[in-house]
file upload.cif (mmCIF, C-alpha atoms)
data_coords
#
loop_
_atom_site.label_atom_id
_atom_site.label_comp_id
_atom_site.auth_asym_id
_atom_site.auth_seq_id
_atom_site.Cartn_x
_atom_site.Cartn_y
_atom_site.Cartn_z
CA MET Q 1 33.63 55.39 52.09
CA THR Q 2 31.67 54.57 48.95
CA ILE Q 3 33.60 54.46 45.68
CA TYR Q 4 31.51 56.32 43.12
CA LEU Q 5 31.35 54.39 39.84
CA ASP Q 6 27.98 55.59 38.52
CA HIS Q 7 29.00 58.52 36.33
CA ALA Q 8 26.65 57.39 33.54
CA ALA Q 9 23.76 58.15 35.89
CA ALA Q 10 25.10 61.49 37.13
CA THR Q 11 28.51 63.11 37.28
CA PRO Q 12 29.74 65.21 40.22
CA VAL Q 13 29.41 68.93 39.59
CA ASP Q 14 32.81 70.34 38.65
CA ARG Q 15 34.13 72.92 41.13
CA ALA Q 16 34.43 75.54 38.41
CA VAL Q 17 30.80 74.91 37.45
CA ALA Q 18 29.66 75.22 41.07
CA ALA Q 19 31.63 78.44 41.50
CA ALA Q 20 30.06 79.98 38.41
CA MET Q 21 26.59 78.98 39.58
CA CYS Q 22 27.17 80.40 43.06
CA GLU Q 23 28.28 83.66 41.49
CA ALA Q 24 25.12 83.75 39.38
CA LEU Q 25 22.98 83.15 42.47
CA THR Q 26 24.66 85.85 44.57
CA ASP Q 27 25.79 88.55 42.13
CA PRO Q 28 23.26 91.41 42.39
CA GLN Q 29 23.78 92.11 38.70
CA LEU Q 30 22.50 88.66 37.71
CA GLN Q 31 19.27 88.40 39.72
CA ALA Q 32 16.94 89.77 37.07
CA ASN Q 33 14.78 87.77 34.72
CA PRO Q 34 16.86 87.37 31.54
CA ALA Q 35 13.73 88.17 29.51
CA ALA Q 36 13.50 91.64 31.08
CA THR Q 37 14.44 94.65 28.93
CA HIS Q 38 16.16 96.73 31.63
CA ALA Q 39 19.91 96.79 32.28
CA ALA Q 40 19.83 94.05 34.92
CA GLY Q 41 17.84 91.79 32.61
CA GLU Q 42 20.31 92.47 29.81
CA ALA Q 43 23.20 91.49 32.08
CA ALA Q 44 21.55 88.17 32.93
CA ARG Q 45 20.65 87.62 29.29
CA GLY Q 46 24.23 88.25 28.28
CA ARG Q 47 25.43 85.42 30.52
CA VAL Q 48 22.68 83.13 29.20
CA GLU Q 49 23.79 83.82 25.64
CA GLN Q 50 27.44 83.26 26.55
CA ALA Q 51 26.48 79.84 27.90
CA ARG Q 52 24.46 79.13 24.77
CA ALA Q 53 27.57 79.80 22.69
CA GLU Q 54 29.66 77.51 24.93
CA VAL Q 55 27.23 74.62 24.52
CA ALA Q 56 27.04 75.23 20.78
CA ALA Q 57 30.84 75.14 20.51
CA LEU Q 58 30.93 71.70 22.13
CA ILE Q 59 28.96 70.20 19.23
CA GLY Q 60 30.00 72.43 16.33
CA ALA Q 61 26.71 74.33 16.19
CA ALA Q 62 25.74 78.00 16.06
CA ALA Q 63 24.55 79.59 19.30
CA GLY Q 64 21.14 80.34 17.82
CA GLU Q 65 20.57 76.63 17.26
CA ILE Q 66 20.57 75.80 20.99
CA VAL Q 67 17.31 75.66 22.95
CA TRP Q 68 17.43 75.27 26.74
CA THR Q 69 15.44 72.41 28.32
CA SER Q 70 15.35 70.64 31.68
CA GLY Q 71 17.56 67.81 30.43
CA ALA Q 72 17.92 65.19 27.72
CA THR Q 73 14.55 63.61 28.53
CA GLU Q 74 12.72 66.83 27.72
CA SER Q 75 15.01 67.43 24.74
CA ASN Q 76 14.19 63.99 23.37
CA ASN Q 77 10.47 64.62 23.78
CA LEU Q 78 10.65 68.01 22.11
CA ALA Q 79 12.74 66.68 19.25
CA LEU Q 80 10.63 63.62 18.46
CA ILE Q 81 7.14 64.85 19.19
CA GLY Q 82 7.83 68.39 17.99
CA ALA Q 83 9.46 67.38 14.71
CA ALA Q 84 6.98 64.58 13.98
CA ARG Q 85 3.96 66.81 14.47
CA LEU Q 86 5.37 69.66 12.42
CA ARG Q 87 6.26 67.35 9.52
CA ALA Q 88 3.15 65.16 9.70
CA GLY Q 89 1.99 66.44 6.33
CA ARG Q 90 5.10 64.92 4.72
CA GLY Q 91 4.79 61.55 6.42
CA ARG Q 92 3.92 59.88 9.69
CA HIS Q 93 6.59 57.18 10.02
CA LEU Q 94 9.56 57.24 12.43
CA VAL Q 95 12.49 54.86 12.90
CA THR Q 96 14.30 54.27 16.18
CA ALA Q 97 16.04 51.39 17.96
CA ALA Q 98 14.57 49.15 20.62
CA SER Q 99 17.71 49.89 22.68
CA GLU Q 100 17.03 53.62 23.00
CA HIS Q 101 16.59 55.58 26.21
CA ALA Q 102 13.16 55.29 27.84
CA SER Q 103 12.34 58.91 27.02
CA VAL Q 104 12.74 58.23 23.29
CA LEU Q 105 10.73 55.01 23.42
CA ALA Q 106 7.98 56.67 25.48
CA ALA Q 107 7.82 59.59 23.04
CA CYS Q 108 7.43 57.08 20.21
CA ASP Q 109 4.65 55.34 22.14
CA GLU Q 110 2.88 58.68 22.49
CA LEU Q 111 3.23 59.40 18.79
CA GLU Q 112 1.74 56.00 17.98
CA ARG Q 113 -1.28 56.93 20.08
CA GLN Q 114 -1.57 60.01 17.89
CA GLY Q 115 -1.64 57.95 14.70
CA PHE Q 116 2.05 57.83 13.76
CA ALA Q 117 3.83 54.60 12.81
CA VAL Q 118 7.12 53.69 14.50
CA THR Q 119 9.67 51.04 13.51
CA ARG Q 120 11.86 49.90 16.44
CA LEU Q 121 15.01 48.29 15.12
CA PRO Q 122 16.85 45.47 16.90
CA THR Q 123 20.57 45.59 17.57
CA ASP Q 124 23.06 42.91 16.63
CA PRO Q 125 24.51 40.75 19.45
CA MET Q 126 27.14 43.42 20.12
CA GLY Q 127 24.58 46.21 20.47
CA ILE Q 128 25.20 47.81 17.06
CA VAL Q 129 22.43 49.17 14.85
CA GLU Q 130 23.97 48.77 11.41
CA PRO Q 131 23.40 51.61 8.91
CA ALA Q 132 22.16 49.05 6.36
CA VAL Q 133 19.43 48.02 8.81
CA VAL Q 134 18.41 51.65 9.21
CA ALA Q 135 18.38 52.13 5.43
CA ALA Q 136 16.17 49.09 4.95
CA ALA Q 137 13.65 50.46 7.45
CA LEU Q 138 13.21 53.81 5.69
CA ARG Q 139 9.95 54.28 3.79
CA PRO Q 140 8.65 57.03 1.51
CA ASP Q 141 6.69 58.41 4.48
CA THR Q 142 9.61 58.29 6.96
CA THR Q 143 10.31 61.75 8.36
CA LEU Q 144 12.60 61.09 11.35
CA VAL Q 145 15.22 58.63 12.61
CA SER Q 146 16.24 58.76 16.28
CA LEU Q 147 19.33 56.95 17.58
CA MET Q 148 21.61 57.56 20.56
CA GLN Q 149 25.31 58.04 19.91
CA VAL Q 150 26.43 56.18 23.05
CA ASN Q 151 24.17 53.65 24.72
CA ASN Q 152 23.55 54.59 28.33
CA GLU Q 153 23.73 50.99 29.59
CA THR Q 154 26.48 49.33 27.54
CA GLY Q 155 28.47 52.30 26.24
CA VAL Q 156 28.22 50.99 22.66
CA VAL Q 157 28.92 53.71 20.06
CA GLN Q 158 26.78 53.85 16.93
CA ASP Q 159 28.04 54.94 13.50
CA ILE Q 160 26.18 58.22 13.49
CA ALA Q 161 28.17 59.62 10.55
CA ALA Q 162 27.09 56.80 8.22
CA ILE Q 163 23.50 56.98 9.40
CA GLY Q 164 23.52 60.75 9.02
CA THR Q 165 24.67 60.42 5.43
CA LEU Q 166 21.95 57.98 4.45
CA CYS Q 167 19.26 60.04 6.20
CA ARG Q 168 20.39 63.22 4.45
CA GLU Q 169 20.35 61.43 1.08
CA ARG Q 170 16.77 60.34 1.71
CA GLY Q 171 15.56 63.67 3.07
CA VAL Q 172 14.91 62.19 6.52
CA LEU Q 173 15.74 64.09 9.72
CA LEU Q 174 18.20 62.51 12.15
CA HIS Q 175 17.84 63.04 15.89
CA VAL Q 176 20.67 61.93 18.19
CA ASP Q 177 20.52 61.50 21.95
CA ALA Q 178 24.07 62.52 22.85
CA ALA Q 179 23.69 62.66 26.62
CA GLN Q 180 26.35 59.98 27.21
CA ALA Q 181 28.51 61.06 24.27
CA ALA Q 182 29.09 64.71 25.19
CA GLY Q 183 32.60 65.17 26.54
CA ARG Q 184 33.54 61.61 25.62
CA GLU Q 185 33.00 61.26 21.88
CA ALA Q 186 33.78 63.83 19.20
CA ILE Q 187 30.58 65.61 18.16
CA ASP Q 188 30.31 67.84 15.10
CA VAL Q 189 26.70 68.16 14.04
CA ARG Q 190 27.65 69.36 10.54
CA ALA Q 191 30.13 66.57 9.85
CA LEU Q 192 27.77 63.96 11.31
CA GLN Q 193 24.82 65.45 9.40
CA VAL Q 194 22.67 65.54 12.52
CA ASP Q 195 19.51 67.66 12.49
CA LEU Q 196 18.46 67.46 16.15
CA LEU Q 197 20.65 66.55 19.14
CA SER Q 198 19.89 66.22 22.86
CA LEU Q 199 22.24 67.06 25.73
CA SER Q 200 22.06 66.91 29.51
CA ALA Q 201 24.33 68.92 31.82
CA HIS Q 202 24.48 66.40 34.64
CA LYS Q 203 26.10 63.80 32.37
CA MET Q 204 29.08 66.11 31.80
CA TYR Q 205 29.86 67.51 35.28
CA GLY Q 206 27.17 70.18 35.21
CA PRO Q 207 24.05 70.67 37.36
CA LYS Q 208 20.94 68.51 37.26
CA GLY Q 209 17.76 69.96 35.81
CA ILE Q 210 19.22 71.67 32.73
CA GLY Q 211 19.79 70.41 29.21
CA ALA Q 212 19.70 71.58 25.64
CA LEU Q 213 18.34 70.66 22.25
CA PHE Q 214 20.22 71.49 19.05
CA ILE Q 215 17.82 72.34 16.22
CA SER Q 216 19.55 72.83 12.88
CA ARG Q 217 18.76 76.12 11.21
CA GLU Q 218 19.73 74.58 7.89
CA THR Q 219 17.43 71.56 7.83
CA VAL Q 220 14.84 71.83 10.61
CA ARG Q 221 14.57 75.49 11.64
CA ARG Q 222 11.65 74.79 13.95
CA VAL Q 223 9.72 72.06 15.73
CA GLU Q 224 6.25 72.22 17.21
CA PRO Q 225 6.44 73.09 20.94
CA VAL Q 226 5.10 70.54 23.40
CA LEU Q 227 4.67 73.13 26.18
CA VAL Q 228 2.72 76.40 25.96
CA GLY Q 229 2.52 79.56 27.97
CA GLY Q 230 5.38 81.87 27.03
CA GLY Q 231 7.63 83.13 24.29
CA GLN Q 232 10.98 82.15 25.77
CA GLU Q 233 13.45 80.13 23.66
CA ARG Q 234 11.85 81.28 20.41
CA GLY Q 235 8.52 80.03 21.68
CA LEU Q 236 9.77 76.45 21.74
CA ARG Q 237 10.27 76.08 25.48
CA PRO Q 238 8.20 78.52 27.55
CA GLY Q 239 9.15 79.46 31.10
CA THR Q 240 11.69 81.70 32.79
CA VAL Q 241 15.22 80.64 31.95
CA ALA Q 242 17.14 79.46 35.03
CA THR Q 243 20.18 81.71 34.69
CA HIS Q 244 22.38 79.91 37.23
CA GLN Q 245 21.72 76.47 35.73
CA VAL Q 246 22.31 77.69 32.19
CA ILE Q 247 25.58 79.30 33.25
CA GLY Q 248 26.59 76.03 34.91
CA MET Q 249 25.88 74.05 31.77
CA GLY Q 250 27.86 76.53 29.71
CA VAL Q 251 30.94 76.16 31.92
CA ALA Q 252 30.52 72.37 31.93
CA ALA Q 253 30.37 72.34 28.12
CA ARG Q 254 33.48 74.53 27.84
CA LEU Q 255 35.40 72.24 30.21
CA ALA Q 256 34.15 69.12 28.39
CA ALA Q 257 35.35 70.47 25.06
CA GLY Q 258 38.79 71.24 26.45
CA ARG Q 259 39.23 68.04 28.46
CA ARG Q 260 37.62 65.37 26.27
CA VAL Q 261 40.78 63.90 24.75
CA GLU Q 262 42.68 64.00 28.05
CA ASP Q 263 39.78 62.52 30.03
CA CYS Q 264 39.25 59.64 27.62
CA ALA Q 265 42.97 58.86 27.38
CA ARG Q 266 43.01 58.46 31.17
CA LEU Q 267 39.74 56.53 31.47
CA VAL Q 268 40.31 53.84 28.84
CA PRO Q 269 43.21 52.16 30.73
CA LEU Q 270 41.19 52.33 33.96
CA ARG Q 271 38.17 50.74 32.26
CA GLU Q 272 40.37 48.01 30.78
CA ALA Q 273 42.03 47.36 34.15
CA LEU Q 274 38.57 47.01 35.68
CA TRP Q 275 37.52 44.53 32.99
CA ALA Q 276 40.75 42.57 33.32
CA GLY Q 277 40.16 42.28 37.03
CA VAL Q 278 36.51 41.25 37.06
CA SER Q 279 36.78 38.96 34.02
CA ARG Q 280 39.27 36.67 35.73
CA LEU Q 281 36.25 35.14 37.43
CA PRO Q 282 34.46 32.44 35.41
CA GLY Q 283 30.94 33.28 34.27
CA VAL Q 284 31.52 37.03 33.90
CA PHE Q 285 30.56 38.34 30.46
CA LEU Q 286 31.10 41.68 28.74
CA ASN Q 287 27.89 43.27 27.49
CA GLY Q 288 28.27 45.23 24.28
CA HIS Q 289 30.91 45.64 21.61
CA PRO Q 290 34.49 45.03 22.83
CA GLN Q 291 35.93 47.93 20.80
CA ARG Q 292 33.11 50.26 19.75
CA ARG Q 293 32.29 51.60 23.18
CA ALA Q 294 32.71 54.82 25.08
CA CYS Q 295 35.63 55.32 27.42
CA HIS Q 296 33.66 55.44 30.67
CA ILE Q 297 31.21 52.50 30.70
CA LEU Q 298 31.77 48.82 31.49
CA ASN Q 299 28.69 46.59 31.66
CA VAL Q 300 29.07 42.97 32.74
CA SER Q 301 26.73 40.07 33.46
CA VAL Q 302 27.44 37.52 36.16
CA ALA Q 303 26.11 34.00 35.75
CA GLY Q 304 24.27 32.35 38.59
CA ILE Q 305 23.76 35.45 40.75
CA GLU Q 306 20.64 37.58 41.09
CA GLY Q 307 21.21 41.26 40.40
CA GLU Q 308 19.86 42.69 43.66
CA SER Q 309 21.95 40.28 45.71
CA LEU Q 310 25.03 41.31 43.76
CA LEU Q 311 24.30 44.99 44.28
CA HIS Q 312 23.98 44.37 48.01
CA ALA Q 313 27.31 42.53 47.99
CA LEU Q 314 28.87 45.51 46.22
CA ARG Q 315 27.43 48.15 48.57
CA GLU Q 316 30.90 49.65 49.01
CA LEU Q 317 30.62 50.64 45.34
CA ALA Q 318 28.14 53.08 43.85
CA VAL Q 319 27.24 51.15 40.69
CA SER Q 320 24.06 50.46 38.76
CA SER Q 321 22.18 47.32 37.79
CA GLY Q 322 20.85 49.07 34.67
CA ALA Q 323 19.88 52.49 33.37
CA ALA Q 324 19.26 55.11 36.06
CA CYS Q 325 15.81 55.84 34.61
CA ALA Q 326 14.79 52.22 35.21
CA ALA Q 327 16.59 51.61 38.49
CA GLU Q 328 13.37 50.76 40.38
CA SER Q 329 12.24 48.20 37.82
CA ALA Q 330 12.60 44.52 38.63
CA GLU Q 331 12.45 43.58 34.96
CA PRO Q 332 15.62 42.40 33.18
CA SER Q 333 17.27 45.06 31.05
CA ALA Q 334 15.58 45.25 27.63
CA VAL Q 335 18.87 46.46 26.15
CA LEU Q 336 20.71 43.35 27.34
CA ARG Q 337 17.89 41.09 26.22
CA LEU Q 338 18.37 42.55 22.72
CA LEU Q 339 21.98 41.36 22.88
CA GLY Q 340 20.71 37.82 23.38
CA ARG Q 341 21.36 37.65 27.10
CA SER Q 342 19.09 35.29 29.01
CA PRO Q 343 16.69 36.86 31.54
CA GLU Q 344 19.00 35.62 34.30
CA LEU Q 345 22.13 37.17 32.79
CA ALA Q 346 20.29 40.39 32.00
CA GLN Q 347 19.03 40.52 35.59
CA GLY Q 348 22.51 39.84 36.97
CA ALA Q 349 24.19 42.73 35.13
CA ILE Q 350 26.24 45.51 36.68
CA ARG Q 351 27.14 48.80 35.01
CA PHE Q 352 30.36 50.43 36.15
CA SER Q 353 30.84 53.97 34.86
CA LEU Q 354 34.02 55.91 35.50
CA GLY Q 355 34.70 59.64 35.62
CA ARG Q 356 37.26 62.38 36.09
CA VAL Q 357 37.61 61.69 39.80
CA THR Q 358 38.06 57.91 39.43
CA THR Q 359 41.53 56.71 40.42
CA ALA Q 360 43.54 53.57 39.76
CA VAL Q 361 43.41 52.81 43.50
CA GLU Q 362 39.61 52.93 43.39
CA VAL Q 363 39.50 50.64 40.38
CA ALA Q 364 41.75 48.14 42.10
CA ARG Q 365 39.55 48.24 45.19
CA ALA Q 366 36.43 47.85 43.01
CA VAL Q 367 37.90 44.69 41.49
CA GLU Q 368 38.65 43.33 44.96
CA VAL Q 369 35.12 44.07 46.20
CA PHE Q 370 33.58 42.54 43.08
CA VAL Q 371 35.62 39.33 43.16
CA THR Q 372 35.06 38.87 46.89
CA GLY Q 373 31.34 39.54 46.59
CA VAL Q 374 30.78 37.19 43.66
CA GLU Q 375 32.78 34.38 45.24
CA ARG Q 376 30.88 34.71 48.52
CA LEU Q 377 27.49 34.68 46.80
CA ARG Q 378 28.46 31.63 44.78
CA ARG Q 379 29.50 29.80 47.92
CA LEU Q 380 26.16 30.63 49.53
CA ALA Q 381 24.10 29.62 46.50
CA PRO Q 382 26.20 27.67 44.01
CA PRO Q 383 24.80 27.60 40.47
CA ALA Q 384 22.70 24.60 39.52
#

call {"tool": "encode", "arguments": {"input": "upload.cif", "output": "structure tokens"}}
result
Amino acid sequence: MTIYLDHAAATPVDRAVAAAMCEALTDPQLQANPAATHAAGEAARGRVEQARAEVAALIGAAAGEIVWTSGATESNNLALIGAARLRAGRGRHLVTAASEHASVLAACDELERQGFAVTRLPTDPMGIVEPAVVAAALRPDTTLVSLMQVNNETGVVQDIAAIGTLCRERGVLLHVDAAQAAGREAIDVRALQVDLLSLSAHKMYGPKGIGALFISRETVRRVEPVLVGGGQERGLRPGTVATHQVIGMGVAARLAAGRRVEDCARLVPLREALWAGVSRLPGVFLNGHPQRRACHILNVSVAGIEGESLLHALRELAVSSGAACAAESAEPSAVLRLLGRSPELAQGAIRFSLGRVTTAVEVARAVEVFVTGVERLRRLAPPA
């Protein structure tokens, strides 16, 4: 049986989430369109708004500041493109990091085609984007900074509070991709001084295909929609709201808020046991900061072994050779190249990501599979 260690790509749906979604799909009182004005529509809308409040509570926001989307990719697009277009009269310069998620980088590419300027910051060798580097990149025409709280490949945690402070002082909006942070790192959008924040349900034990964007009423109020055709979600995201998915995300957010400290306290020792086990082999390197990283991700490079061969050797484990969004690419990870890894080490990287269902027995077996697989591959093709 496969040991699932790819929670950074997608987490299993929590049983309580699945039960709530099944109820929403079968309860006759919840089958109406939540935009309808009759009693059945009001019942569905009530559950949608309850879920909105649950997601808002996870990040310290008000319910009215949450807009439903299909996931963090759409949220990132709406945040960057929508905010940049609406504020174009104030300036047309954005700052992000070269280590961001593909959806952020692609949105920046699109904005450049529309005449905006984008500065893509490097990380240091540990994967950190220092606040001083961000500050130095700000210009009089900068309107938006976009940085993820937890890197999806390495688990490195950025100092969002410090960056939020400097952005607020300069009158620049801060967008945060918090898909990997939700349920693992503390998030308070007011304390962090975040203006826009993206979430995805399937990264926190909710269903796939549903996410949310926080839009601060205090500093942003509105972004320009990127989709047209309806007035749902204050006109920012047209289309019928998927009641069952929204309810599922609400339950997932409520569980994440209640379990975050407990989950992380359990996962850190498991992650460290995994690292202790795999690092006893020579030529195995930790990718990312040794301390400033989220509880669930361990990314390692293996010298002298090609990534696809290593994945095949580890087929008993469900792990990733990079970000899920780039899983079909044969190119070395751009994030790891930013850390100074050679193309070979970046290509031979494995991301383990643990979750609520991960056990110590599974971690021990993962170490055994990894050590055996690496040693066998090195015997077959010893490094030059």

call {"tool": "resolve_selection", "arguments": {"input": "upload.cif", "expression": "the PyMOL selection byres ((chain Q and resi 176-193) around 8)", "output": "ChimeraX atom specification"}}
result
/Q:8,58-61,72,76,146-152,160-162,164-165,168,174-175,194-200,203-204,253,256-257,259-261,263-264,294-296

call {"tool": "write_last_selection", "arguments": {"input": "upload.cif", "atoms": "C-alpha atoms", "output": "tab-separated table (two decimals), keeping the file's coordinate frame"}}
result
chain	number	residue	atom	x	y	z
Q	8	ALA	CA	26.65	57.39	33.54
Q	58	LEU	CA	30.93	71.70	22.13
Q	59	ILE	CA	28.96	70.20	19.23
Q	60	GLY	CA	30.00	72.43	16.33
Q	61	ALA	CA	26.71	74.33	16.19
Q	72	ALA	CA	17.92	65.19	27.72
Q	76	ASN	CA	14.19	63.99	23.37
Q	146	SER	CA	16.24	58.76	16.28
Q	147	LEU	CA	19.33	56.95	17.58
Q	148	MET	CA	21.61	57.56	20.56
Q	149	GLN	CA	25.31	58.04	19.91
Q	150	VAL	CA	26.43	56.18	23.05
Q	151	ASN	CA	24.17	53.65	24.72
Q	152	ASN	CA	23.55	54.59	28.33
Q	160	ILE	CA	26.18	58.22	13.49
Q	161	ALA	CA	28.17	59.62	10.55
Q	162	ALA	CA	27.09	56.80	8.22
Q	164	GLY	CA	23.52	60.75	9.02
Q	165	THR	CA	24.67	60.42	5.43
Q	168	ARG	CA	20.39	63.22	4.45
Q	174	LEU	CA	18.20	62.51	12.15
Q	175	HIS	CA	17.84	63.04	15.89
Q	194	VAL	CA	22.67	65.54	12.52
Q	195	ASP	CA	19.51	67.66	12.49
Q	196	LEU	CA	18.46	67.46	16.15
Q	197	LEU	CA	20.65	66.55	19.14
Q	198	SER	CA	19.89	66.22	22.86
Q	199	LEU	CA	22.24	67.06	25.73
Q	200	SER	CA	22.06	66.91	29.51
Q	203	LYS	CA	26.10	63.80	32.37
Q	204	MET	CA	29.08	66.11	31.80
Q	253	ALA	CA	30.37	72.34	28.12
Q	256	ALA	CA	34.15	69.12	28.39
Q	257	ALA	CA	35.35	70.47	25.06
Q	259	ARG	CA	39.23	68.04	28.46
Q	260	ARG	CA	37.62	65.37	26.27
Q	261	VAL	CA	40.78	63.90	24.75
Q	263	ASP	CA	39.78	62.52	30.03
Q	264	CYS	CA	39.25	59.64	27.62
Q	294	ALA	CA	32.71	54.82	25.08
Q	295	CYS	CA	35.63	55.32	27.42
Q	296	HIS	CA	33.66	55.44	30.67

call {"tool": "atom_distance", "arguments": {"input": "upload.cif", "atom1": "atom CA of Ser353 of chain Q", "atom2": "atom CA of Asp6 of chain Q"}}
result
4.9 Å

call {"tool": "residues_near_point", "arguments": {"input": "upload.cif", "point": "(24.2, 57.3, 36.7)", "cutoff": "12 Å", "atoms": "all atoms listed in the file", "output": "MDAnalysis selection string"}}
result
chainID Q and resid 4:12 152:153 179:180 202:205 208 296:297 318:327 350:355

call {"tool": "resolve_selection", "arguments": {"input": "upload.cif", "expression": "the PyMOL selection byres ((chain Q and resi 344) around 12)", "output": "PDB file with C-alpha atoms, keeping the file's coordinate frame"}}
result
ATOM      1  CA  SER Q 301      26.730  40.070  33.460  1.00  0.00           C
ATOM      2  CA  VAL Q 302      27.440  37.520  36.160  1.00  0.00           C
ATOM      3  CA  ALA Q 303      26.110  34.000  35.750  1.00  0.00           C
ATOM      4  CA  GLY Q 304      24.270  32.350  38.590  1.00  0.00           C
ATOM      5  CA  ILE Q 305      23.760  35.450  40.750  1.00  0.00           C
ATOM      6  CA  GLU Q 306      20.640  37.580  41.090  1.00  0.00           C
ATOM      7  CA  GLY Q 307      21.210  41.260  40.400  1.00  0.00           C
ATOM      8  CA  GLU Q 308      19.860  42.690  43.660  1.00  0.00           C
ATOM      9  CA  ALA Q 330      12.600  44.520  38.630  1.00  0.00           C
ATOM     10  CA  GLU Q 331      12.450  43.580  34.960  1.00  0.00           C
ATOM     11  CA  PRO Q 332      15.620  42.400  33.180  1.00  0.00           C
ATOM     12  CA  SER Q 333      17.270  45.060  31.050  1.00  0.00           C
ATOM     13  CA  LEU Q 336      20.710  43.350  27.340  1.00  0.00           C
ATOM     14  CA  ARG Q 337      17.890  41.090  26.220  1.00  0.00           C
ATOM     15  CA  GLY Q 340      20.710  37.820  23.380  1.00  0.00           C
ATOM     16  CA  ARG Q 341      21.360  37.650  27.100  1.00  0.00           C
ATOM     17  CA  SER Q 342      19.090  35.290  29.010  1.00  0.00           C
ATOM     18  CA  PRO Q 343      16.690  36.860  31.540  1.00  0.00           C
ATOM     19  CA  LEU Q 345      22.130  37.170  32.790  1.00  0.00           C
ATOM     20  CA  ALA Q 346      20.290  40.390  32.000  1.00  0.00           C
ATOM     21  CA  GLN Q 347      19.030  40.520  35.590  1.00  0.00           C
ATOM     22  CA  GLY Q 348      22.510  39.840  36.970  1.00  0.00           C
ATOM     23  CA  ALA Q 349      24.190  42.730  35.130  1.00  0.00           C
ATOM     24  CA  PRO Q 383      24.800  27.600  40.470  1.00  0.00           C
TER      25      PRO Q 383
END

call {"tool": "atom_distance", "arguments": {"input": "upload.cif", "atom1": "atom CA of Thr37 of chain Q", "atom2": "atom CA of Ala62 of chain Q"}}
result
23.9 Å

call {"tool": "atom_distance", "arguments": {"input": "upload.cif", "atom1": "atom CA of Val55 of chain Q", "atom2": "atom CA of Gly258 of chain Q"}}
result
12.2 Å

call {"tool": "residues_around", "arguments": {"input": "upload.cif", "residues": "segment 99-102 of chain Q", "least_positions_apart": "3", "cutoff": "6 Å", "atoms": "only C-alpha atoms", "output": "PyMOL selection string"}}
result
chain Q and resi 105-106+335

call {"tool": "resolve_selection", "arguments": {"input": "upload.cif", "expression": "the PyMOL selection byres ((chain Q and resi 237-240) around 10)", "output": "VMD selection string"}}
result
chain Q and resid 33 to 35 67 to 70 74 to 75 78 224 to 236 241 to 243

call {"tool": "residues_near_point", "arguments": {"input": "upload.cif", "point": "(33.4, 52.3, 24.1)", "cutoff": "9 Å", "atoms": "only C-alpha atoms", "output": "PyMOL selection string"}}
result
chain Q and resi 150+154-157+268+288-298

call {"tool": "closest_residue", "arguments": {"input": "upload.cif", "among": "Q:Thr123, Q:His244, Q:Ile81, Q:Val134", "to": "Thr26 of chain Q", "atoms": "only C-alpha atoms"}}
result
Q:His244

call {"tool": "closest_residue", "arguments": {"input": "upload.cif", "among": "Q:Val284, Q:Ala40, Q:Gly248, Q:Asn77", "to": "Val104 of chain Q", "atoms": "all atoms listed in the file"}}
result
Q:Asn77

call {"tool": "decode", "arguments": {"input": "upload.cif", "residues": "segment 291-314 of chain Q", "atoms": "C-alpha atoms", "output": "PDB file, in the first residue's frame"}}
result
ATOM      1  CA  GLN Q 291      14.610  26.532  11.088  1.00  0.00           C
ATOM      2  CA  ARG Q 292      12.296  28.917   9.235  1.00  0.00           C
ATOM      3  CA  ARG Q 293      10.130  26.299   7.588  1.00  0.00           C
ATOM      4  CA  ALA Q 294       6.619  24.979   7.931  1.00  0.00           C
ATOM      5  CA  CYS Q 295       5.909  21.875   9.956  1.00  0.00           C
ATOM      6  CA  HIS Q 296       4.846  19.632   7.081  1.00  0.00           C
ATOM      7  CA  ILE Q 297       7.427  19.963   4.274  1.00  0.00           C
ATOM      8  CA  LEU Q 298      10.868  18.384   3.872  1.00  0.00           C
ATOM      9  CA  ASN Q 299      12.662  18.942   0.563  1.00  0.00           C
ATOM     10  CA  VAL Q 300      15.953  17.170  -0.085  1.00  0.00           C
ATOM     11  CA  SER Q 301      18.351  16.845  -3.016  1.00  0.00           C
ATOM     12  CA  VAL Q 302      20.279  13.657  -3.698  1.00  0.00           C
ATOM     13  CA  ALA Q 303      23.634  13.891  -5.431  1.00  0.00           C
ATOM     14  CA  GLY Q 304      24.390  11.653  -8.368  1.00  0.00           C
ATOM     15  CA  ILE Q 305      20.840  10.411  -8.990  1.00  0.00           C
ATOM     16  CA  GLU Q 306      18.371  11.589 -11.614  1.00  0.00           C
ATOM     17  CA  GLY Q 307      15.021  12.669 -10.199  1.00  0.00           C
ATOM     18  CA  GLU Q 308      12.748  10.421 -12.271  1.00  0.00           C
ATOM     19  CA  SER Q 309      14.843   7.371 -11.436  1.00  0.00           C
ATOM     20  CA  LEU Q 310      14.612   8.234  -7.760  1.00  0.00           C
ATOM     21  CA  LEU Q 311      10.854   8.671  -7.939  1.00  0.00           C
ATOM     22  CA  HIS Q 312      10.574   5.256  -9.574  1.00  0.00           C
ATOM     23  CA  ALA Q 313      12.712   3.748  -6.815  1.00  0.00           C
ATOM     24  CA  LEU Q 314      10.395   5.340  -4.250  1.00  0.00           C
TER      25      LEU Q 314
END
